[in-house]
$ cat input-v5.txt   # compact mmCIF, C-alpha atoms
# COMPACT_ATOMS: atom_id res chain seq x y z
CA SER A 1 -32.51 -6.96 111.87
CA VAL A 2 -32.38 -5.71 108.27
CA PHE A 3 -29.48 -7.87 107.14
CA THR A 4 -31.01 -11.18 108.21
CA THR A 5 -32.36 -12.53 104.91
CA PRO A 6 -31.23 -12.20 101.28
CA GLU A 7 -34.48 -10.40 100.45
CA ARG A 8 -33.99 -7.81 103.17
CA VAL A 9 -30.37 -7.33 102.15
CA ASN A 10 -31.53 -6.54 98.62
CA LEU A 11 -34.14 -4.11 99.94
CA ALA A 12 -31.46 -2.35 101.97
CA ILE A 13 -29.28 -1.94 98.86
CA ASN A 14 -32.26 -0.60 96.91
CA GLY A 15 -32.87 1.84 99.75
CA VAL A 16 -29.41 3.31 99.31
CA TYR A 17 -30.04 3.79 95.60
CA ASP A 18 -33.35 5.44 96.42
CA ALA A 19 -31.54 7.87 98.72
CA ALA A 20 -29.29 8.76 95.77
CA GLN A 21 -32.21 9.92 93.67
CA SER A 22 -34.53 11.29 96.33
CA GLY A 23 -33.60 13.42 99.32
CA PHE A 24 -35.46 15.94 101.43
CA PHE A 25 -36.03 19.68 101.33
CA ASN A 26 -36.41 21.37 104.73
CA GLY A 27 -37.17 18.04 106.33
CA ALA A 28 -40.48 17.40 104.66
CA ILE A 29 -40.62 17.72 100.89
CA ASP A 30 -39.30 14.91 98.71
CA ARG A 31 -36.70 16.44 96.40
CA GLY A 32 -34.28 15.05 93.82
CA TYR A 33 -31.06 15.49 95.81
CA PRO A 34 -28.28 14.60 95.30
CA PHE A 35 -28.58 12.84 91.93
CA GLY A 36 -32.25 13.18 91.03
CA ALA A 37 -34.15 15.63 88.88
CA ALA A 38 -33.77 18.64 91.18
CA ASN A 39 -29.99 18.51 91.02
CA VAL A 40 -29.98 18.10 87.24
CA GLN A 41 -32.49 20.89 86.68
CA GLN A 42 -30.75 23.27 89.07
CA GLY A 43 -27.44 22.49 87.38
CA ASP A 44 -28.91 23.27 83.96
CA CYS A 45 -30.07 26.65 85.25
CA ARG A 46 -26.46 27.66 85.87
CA GLY A 47 -25.83 27.71 82.12
CA GLU A 48 -25.46 31.01 80.32
CA ASP A 49 -27.79 29.73 77.59
CA MET A 50 -30.72 29.40 80.01
CA VAL A 51 -33.60 31.86 80.35
CA ASN A 52 -35.34 31.53 83.69
CA LEU A 53 -39.14 31.49 83.62
CA ALA A 54 -39.88 29.95 87.03
CA ALA A 55 -39.41 31.65 90.39
CA PHE A 56 -38.36 28.32 91.87
CA TYR A 57 -35.07 28.47 89.94
CA GLN A 58 -34.40 32.16 90.46
CA ILE A 59 -31.87 31.72 93.26
CA THR A 60 -29.76 29.40 91.12
CA TYR A 61 -30.24 31.37 87.93
CA GLN A 62 -29.06 34.60 89.56
CA ALA A 63 -26.40 32.88 91.71
CA THR A 64 -27.68 34.58 94.83
CA TYR A 65 -27.50 31.48 97.04
CA ASN A 66 -25.17 31.38 100.02
CA PRO A 67 -24.04 28.86 102.70
CA THR A 68 -27.41 29.10 104.46
CA SER A 69 -29.62 28.92 101.36
CA ALA A 70 -32.13 26.08 101.54
CA ASN A 71 -30.81 24.52 98.33
CA ASN A 72 -27.26 24.29 99.67
CA VAL A 73 -28.22 23.15 103.16
CA ASN A 74 -30.55 20.40 101.96
CA TYR A 75 -28.18 19.33 99.18
CA TRP A 76 -25.45 18.87 101.81
CA THR A 77 -27.77 17.09 104.25
CA SER A 78 -29.26 14.74 101.64
CA THR A 79 -25.85 13.78 100.29
CA TYR A 80 -24.40 12.94 103.69
CA ARG A 81 -27.61 11.04 104.44
CA LEU A 82 -26.91 8.93 101.33
CA ILE A 83 -23.29 8.44 102.42
CA ASN A 84 -24.41 7.21 105.83
CA PHE A 85 -26.92 4.80 104.27
CA ALA A 86 -24.09 3.40 102.12
CA ASN A 87 -21.82 2.98 105.14
CA ILE A 88 -24.56 1.25 107.14
CA ALA A 89 -25.06 -1.12 104.21
CA ILE A 90 -21.33 -1.83 103.92
CA GLU A 91 -21.16 -2.84 107.59
CA GLY A 92 -24.41 -4.81 107.34
CA LEU A 93 -23.16 -6.72 104.32
CA ASP A 94 -20.09 -7.81 106.29
CA LYS A 95 -22.34 -9.19 109.03
CA ALA A 96 -24.67 -10.88 106.55
CA ALA A 97 -21.75 -12.63 104.86
CA ALA A 98 -20.20 -13.66 108.18
CA SER A 99 -23.50 -15.21 109.32
CA GLY A 100 -24.08 -17.02 106.04
CA VAL A 101 -27.12 -14.99 104.99
CA ILE A 102 -25.37 -14.17 101.71
CA THR A 103 -22.14 -15.38 100.16
CA SER A 104 -18.94 -13.39 100.46
CA ALA A 105 -18.99 -12.88 96.68
CA VAL A 106 -22.46 -11.29 96.82
CA ALA A 107 -21.40 -9.13 99.76
CA THR A 108 -18.25 -7.91 97.98
CA THR A 109 -20.15 -6.98 94.81
CA ALA A 110 -22.78 -5.10 96.80
CA GLN A 111 -20.10 -3.33 98.84
CA ALA A 112 -18.48 -2.26 95.57
CA GLU A 113 -21.79 -0.66 94.60
CA MET A 114 -21.99 1.09 97.95
CA ARG A 115 -18.42 2.34 97.73
CA PHE A 116 -19.08 3.64 94.22
CA LEU A 117 -22.05 5.61 95.58
CA ARG A 118 -19.94 6.77 98.51
CA ALA A 119 -17.23 8.05 96.18
CA LEU A 120 -19.75 9.66 93.84
CA SER A 121 -21.34 11.48 96.78
CA HIS A 122 -18.11 12.71 98.34
CA HIS A 123 -16.96 13.85 94.92
CA GLU A 124 -20.07 16.05 94.68
CA MET A 125 -19.37 17.52 98.10
CA VAL A 126 -15.69 18.27 97.57
CA VAL A 127 -16.34 19.87 94.16
CA PHE A 128 -19.11 22.15 95.41
CA PHE A 129 -17.97 22.89 98.96
CA ALA A 130 -14.15 23.07 98.74
CA ARG A 131 -11.44 24.61 96.62
CA PRO A 132 -10.35 22.82 93.43
CA PHE A 133 -7.56 20.27 93.80
CA LEU A 134 -5.27 22.24 91.48
CA ASP A 135 -5.59 25.30 93.72
CA GLY A 136 -2.72 24.53 96.07
CA ASN A 137 -2.31 20.92 94.95
CA GLY A 138 -5.00 19.78 97.35
CA SER A 139 -3.63 21.62 100.40
CA ASN A 140 -6.85 23.52 101.16
CA LEU A 141 -9.44 22.19 103.57
CA GLY A 142 -11.80 19.65 102.04
CA VAL A 143 -15.04 18.09 103.29
CA PRO A 144 -15.57 15.30 105.84
CA TYR A 145 -15.03 11.87 104.28
CA ARG A 146 -17.35 9.48 106.08
CA ASP A 147 -16.15 5.89 105.68
CA PHE A 148 -17.97 4.56 108.75
CA ALA A 149 -21.62 4.34 109.75
CA VAL A 150 -22.90 7.04 112.10
CA ASN A 151 -25.48 4.97 113.99
CA ASN A 152 -24.48 5.17 117.66
CA SER A 153 -23.16 7.68 120.18
CA ALA A 154 -19.54 6.60 119.73
CA ALA A 155 -19.76 7.31 116.00
CA VAL A 156 -21.33 10.70 116.69
CA ASP A 157 -18.43 11.53 119.03
CA ARG A 158 -16.00 10.50 116.30
CA VAL A 159 -17.74 12.79 113.82
CA ARG A 160 -17.34 15.67 116.26
CA SER A 161 -13.67 14.99 116.97
CA ASP A 162 -12.26 13.97 113.59
CA PRO A 163 -10.28 16.82 112.03
CA ARG A 164 -11.40 18.25 108.72
CA PRO A 165 -9.29 16.64 105.97
CA THR A 166 -7.52 18.44 103.18
CA VAL A 167 -8.77 18.29 99.61
CA ALA A 168 -5.84 15.96 98.82
CA GLU A 169 -6.86 13.58 101.60
CA VAL A 170 -10.41 13.51 100.26
CA TYR A 171 -9.16 12.71 96.76
CA THR A 172 -6.99 9.90 98.09
CA LYS A 173 -10.06 8.27 99.64
CA LEU A 174 -12.08 8.90 96.49
CA LEU A 175 -9.54 6.95 94.46
CA GLU A 176 -9.45 4.13 97.03
CA ASP A 177 -13.22 3.71 96.81
CA CYS A 178 -13.12 3.90 93.01
CA ASP A 179 -10.37 1.28 92.80
CA PHE A 180 -12.35 -1.10 95.02
CA ALA A 181 -15.45 -0.54 92.89
CA ILE A 182 -13.56 -1.10 89.63
CA ALA A 183 -12.02 -4.29 90.94
CA ASN A 184 -15.29 -5.75 92.24
CA LEU A 185 -18.18 -4.40 90.21
CA PRO A 186 -19.52 -6.62 87.40
CA VAL A 187 -19.11 -5.57 83.79
CA THR A 188 -22.89 -5.84 83.50
CA ASN A 189 -25.15 -5.42 86.49
CA THR A 190 -28.87 -6.20 86.70
CA PRO A 191 -30.86 -4.09 86.21
CA ALA A 192 -28.17 -2.01 84.51
CA VAL A 193 -30.35 1.10 84.32
CA VAL A 194 -30.26 1.55 88.11
CA ARG A 195 -27.39 -0.55 89.48
CA ALA A 196 -23.75 0.48 89.26
CA GLN A 197 -21.40 -1.46 87.01
CA ARG A 198 -17.69 -1.30 86.30
CA ALA A 199 -17.83 1.28 83.50
CA ALA A 200 -19.50 3.79 85.83
CA ALA A 201 -16.70 3.46 88.39
CA ILE A 202 -14.07 3.84 85.67
CA ALA A 203 -15.78 6.98 84.39
CA LEU A 204 -15.90 8.47 87.88
CA LYS A 205 -12.24 7.72 88.49
CA MET A 206 -11.25 9.35 85.21
CA LYS A 207 -13.22 12.46 86.18
CA ILE A 208 -11.43 12.57 89.55
CA LEU A 209 -8.03 12.20 87.89
CA MET A 210 -8.85 15.06 85.54
CA HIS A 211 -9.74 17.27 88.51
CA MET A 212 -6.29 16.39 89.88
CA GLY A 213 -4.55 17.31 86.64
CA ARG A 214 -3.33 13.74 86.19
CA TRP A 215 -3.99 13.80 82.45
CA GLN A 216 -1.66 10.93 81.60
CA ASP A 217 -3.11 8.45 84.09
CA LYS A 218 -5.32 5.64 82.92
CA LYS A 219 -7.94 3.75 84.93

$ encode --input "input-v5.txt" --output "structure tokens"
Amino acid sequence: SVFTTPERVNLAINGVYDAAQSGFFNGAIDRGYPFGAANVQQGDCRGEDMVNLAAFYQITYQATYNPTSANNVNYWTSTYRLINFANIAIEGLDKAAASGVITSAVATTAQAEMRFLRALSHHEMVVFFARPFLDGNGSNLGVPYRDFAVNNSAAVDRVRSDPRPTVAEVYTKLLEDCDFAIANLPVTNTPAVVRAQRAAAIALKMKILMHMGRWQDKK
């Protein structure tokens, strides 16, 4: 029912962006995961030039977090929540275009935005929760790459049965999403301060290529 009018389609897209800046902490507290203030502030506190003055940042400052720490668990959960929102939007945009609610051109541009966010999110996960690409040339186990919406029992079964990909397989999908975004995002998007545009996808792809040691490759 969401993808039945152009206005609702736009609200759905905005909802995905909102999920990028605002996740949840222990199921209740609004927190800036994965790309909001909490992530930026926690990242700053990893720097050797920081002096911690707030107990809230102590676990990051002292690097005493572990796989069950609330920061890690909720960072993981909020990021995969964002990924699923993006995948739901991608599928919904296909249906909206097929039914004439929006044009195919509008759907493709919006899907490019969603695939950029999907790549950005998976990139965060594989960097923080897997070995570097150059450690074994991507042969180590990576993180799940969700390129389908998990919104029914069949999708849940697929999540449970799909094998864990290698880091190299994750990077292959990252580049596929980036290439689609580069090819279909506008040079200038409106409003540019919050909507993805081509330069952002190019920058992300270059970062991915550097992680892969592909120094000579261009966009």

$ atom_distance --input "input-v5.txt" --atom1 "CA of Thr60 in chain A" --atom2 "CA of Gly43 in chain A"
8.2 Å

$ residues_around --input "input-v5.txt" --residues "Leu175 in chain A" --least-positions-apart "5" --cutoff "12 Å" --atoms "all atoms listed in the file" --output "ChimeraX atom specification"
/A:115-116,118-120,122-123,168-170,180-182,201-209,211-212,219

$ axis_aligned_box --input "input-v5.txt" --around "range 32-49 of chain A" --padding-each-side "8 Å" --output "JSON"
{"center_x": -29.9, "center_y": 21.9, "center_z": 86.7, "size_x": 24.8, "size_y": 34.2, "size_z": 34.2}

$ atom_distance --input "input-v5.txt" --atom1 "CA of Ile90 in chain A" --atom2 "CA of Phe24 in chain A"
22.8 Å

$ residues_around --input "input-v5.txt" --residues "Ala96 in chain A" --least-positions-apart "5" --cutoff "8 Å" --atoms "only C-alpha atoms" --output "PyMOL selection string"
chain A and resi 3-4+101-102+107

$ residues_around --input "input-v5.txt" --residues "Thr108 in chain A" --least-positions-apart "5" --cutoff "9 Å" --atoms "all atoms listed in the file" --output "count of residues only"
6

$ residues_around --input "input-v5.txt" --residues "Arg164 in chain A" --least-positions-apart "5" --cutoff "12 Å" --atoms "all atoms listed in the file" --output "number ranges by chain"
A: 126, 130, 139-146, 158-159, 169-170

$ atom_distance --input "input-v5.txt" --atom1 "CA of Gly138 in chain A" --atom2 "CA of Asp157 in chain A"
26.8 Å

$ closest_residue --input "input-v5.txt" --among "A:Gly23, A:Ala63, A:Gly36, A:Glu7" --to "Glu48 in chain A" --atoms "only C-alpha atoms"
A:Ala63

$ closest_residue --input "input-v5.txt" --among "A:Gln41, A:Asn189, A:Gln216, A:Asn84" --to "Ala155 in chain A" --atoms "all atoms listed in the file"
A:Asn84

$ closest_residue --input "input-v5.txt" --among "A:Val156, A:Ala196, A:Ala110, A:Leu134" --to "Met210 in chain A" --atoms "all atoms listed in the file"
A:Leu134

$ closest_residue --input "input-v5.txt" --among "A:Asn72, A:Arg195, A:Asn39, A:Ser153" --to "Gly15 in chain A" --atoms "all atoms listed in the file"
A:Arg195

$ closest_residue --input "input-v5.txt" --among "A:Asn26, A:Gln111, A:Ser104, A:Thr188" --to "Asn71 in chain A" --atoms "only C-alpha atoms"
A:Asn26

$ closest_residue --input "input-v5.txt" --among "A:Gln62, A:Gln197, A:Thr68, A:Asn137" --to "Thr109 in chain A" --atoms "only C-alpha atoms"
A:Gln197

$ residues_around --input "input-v5.txt" --residues "Arg31 in chain A" --least-positions-apart "6" --cutoff "10 Å" --atoms "all atoms listed in the file" --output "list in words"
Gln21, Ser22, Gly23, Phe24, Phe25, Ala37, Ala38, Asn39, Asn74, Tyr75 and Ser78 of chain A

$ decode --input "input-v5.txt" --residues "range 129-142 of chain A" --atoms "all heavy atoms" --output "CSV table (one decimal), in the first residue's frame"
chain,number,residue,atom,x,y,z
A,129,PHE,N,33.4,-5.9,10.6
A,129,PHE,CA,33.1,-7.2,11.1
A,129,PHE,C,33.7,-8.4,10.3
A,129,PHE,O,33.2,-9.5,10.4
A,129,PHE,CB,31.5,-7.4,11.2
A,129,PHE,CG,30.9,-6.5,12.2
A,129,PHE,CD1,30.2,-5.4,11.8
A,129,PHE,CD2,30.9,-6.9,13.6
A,129,PHE,CE1,29.6,-4.6,12.7
A,129,PHE,CE2,30.3,-6.0,14.5
A,129,PHE,CZ,29.6,-4.9,14.1
A,130,ALA,N,34.7,-8.1,9.5
A,130,ALA,CA,35.4,-9.1,8.7
A,130,ALA,C,36.8,-8.7,8.6
A,130,ALA,O,37.2,-7.6,8.9
A,130,ALA,CB,34.7,-9.3,7.4
A,131,ARG,N,37.6,-9.6,8.1
A,131,ARG,CA,39.0,-9.4,7.8
A,131,ARG,C,39.2,-8.4,6.6
A,131,ARG,O,38.4,-8.4,5.7
A,131,ARG,CB,39.8,-10.7,7.6
A,131,ARG,CG,39.8,-11.7,8.7
A,131,ARG,CD,40.5,-11.1,10.0
A,131,ARG,NE,41.8,-10.8,9.7
A,131,ARG,CZ,42.6,-10.0,10.5
A,131,ARG,NH1,42.1,-9.6,11.7
A,131,ARG,NH2,43.8,-9.8,10.2
A,132,PRO,N,40.3,-7.7,6.6
A,132,PRO,CA,40.5,-6.8,5.4
A,132,PRO,C,40.6,-7.6,4.1
A,132,PRO,O,41.1,-8.8,4.1
A,132,PRO,CB,41.9,-6.1,5.7
A,132,PRO,CG,42.0,-6.2,7.2
A,132,PRO,CD,41.3,-7.5,7.6
A,133,PHE,N,40.3,-7.0,3.0
A,133,PHE,CA,40.4,-7.7,1.7
A,133,PHE,C,41.8,-8.2,1.4
A,133,PHE,O,42.0,-9.3,0.9
A,133,PHE,CB,39.9,-6.8,0.6
A,133,PHE,CG,39.8,-7.4,-0.7
A,133,PHE,CD1,38.7,-8.0,-1.2
A,133,PHE,CD2,41.0,-7.5,-1.6
A,133,PHE,CE1,38.6,-8.6,-2.5
A,133,PHE,CE2,40.9,-8.1,-2.8
A,133,PHE,CZ,39.8,-8.7,-3.2
A,134,LEU,N,42.8,-7.4,1.8
A,134,LEU,CA,44.1,-7.7,1.4
A,134,LEU,C,44.7,-8.8,2.3
A,134,LEU,O,45.8,-9.3,2.1
A,134,LEU,CB,45.0,-6.5,1.5
A,134,LEU,CG,44.7,-5.4,0.4
A,134,LEU,CD1,45.6,-4.2,0.6
A,134,LEU,CD2,44.9,-6.0,-1.0
A,135,ASP,N,44.0,-9.2,3.3
A,135,ASP,CA,44.4,-10.3,4.2
A,135,ASP,C,43.8,-11.6,3.5
A,135,ASP,O,42.7,-12.0,3.8
A,135,ASP,CB,43.9,-10.1,5.6
A,135,ASP,CG,44.2,-11.3,6.5
A,135,ASP,OD1,45.0,-12.2,6.1
A,135,ASP,OD2,43.7,-11.3,7.6
A,136,GLY,N,44.6,-12.2,2.7
A,136,GLY,CA,44.1,-13.4,2.0
A,136,GLY,C,43.4,-13.1,0.7
A,136,GLY,O,42.7,-14.0,0.1
A,137,ASN,N,43.5,-11.9,0.2
A,137,ASN,CA,42.9,-11.5,-1.1
A,137,ASN,C,41.4,-11.8,-1.1
A,137,ASN,O,40.8,-12.3,-2.1
A,137,ASN,CB,43.6,-12.3,-2.3
A,137,ASN,CG,43.3,-11.6,-3.6
A,137,ASN,OD1,43.2,-10.4,-3.7
A,137,ASN,ND2,43.2,-12.4,-4.7
A,138,GLY,N,40.8,-11.5,0.0
A,138,GLY,CA,39.3,-11.7,0.1
A,138,GLY,C,38.8,-13.1,0.4
A,138,GLY,O,37.6,-13.3,0.3
A,139,SER,N,39.7,-14.0,0.8
A,139,SER,CA,39.3,-15.4,0.9
A,139,SER,C,38.7,-15.7,2.3
A,139,SER,O,38.0,-16.7,2.5
A,139,SER,CB,40.5,-16.3,0.8
A,139,SER,OG,41.5,-16.0,1.7
A,140,ASN,N,38.8,-14.7,3.2
A,140,ASN,CA,38.2,-14.9,4.6
A,140,ASN,C,36.7,-14.7,4.5
A,140,ASN,O,36.1,-14.2,3.5
A,140,ASN,CB,38.8,-14.0,5.6
A,140,ASN,CG,40.3,-14.2,5.9
A,140,ASN,OD1,40.6,-15.3,6.4
A,140,ASN,ND2,41.1,-13.3,5.5
A,141,LEU,N,36.0,-15.2,5.5
A,141,LEU,CA,34.5,-15.1,5.6
A,141,LEU,C,34.2,-13.6,5.7
A,141,LEU,O,34.8,-12.9,6.5
A,141,LEU,CB,34.0,-15.9,6.7
A,141,LEU,CG,33.9,-17.4,6.5
A,141,LEU,CD1,33.4,-18.1,7.7
A,141,LEU,CD2,33.1,-17.8,5.3
A,142,GLY,N,33.2,-13.2,5.0
A,142,GLY,CA,32.7,-11.8,5.0
A,142,GLY,C,31.5,-11.7,5.9
A,142,GLY,O,31.3,-12.3,6.9
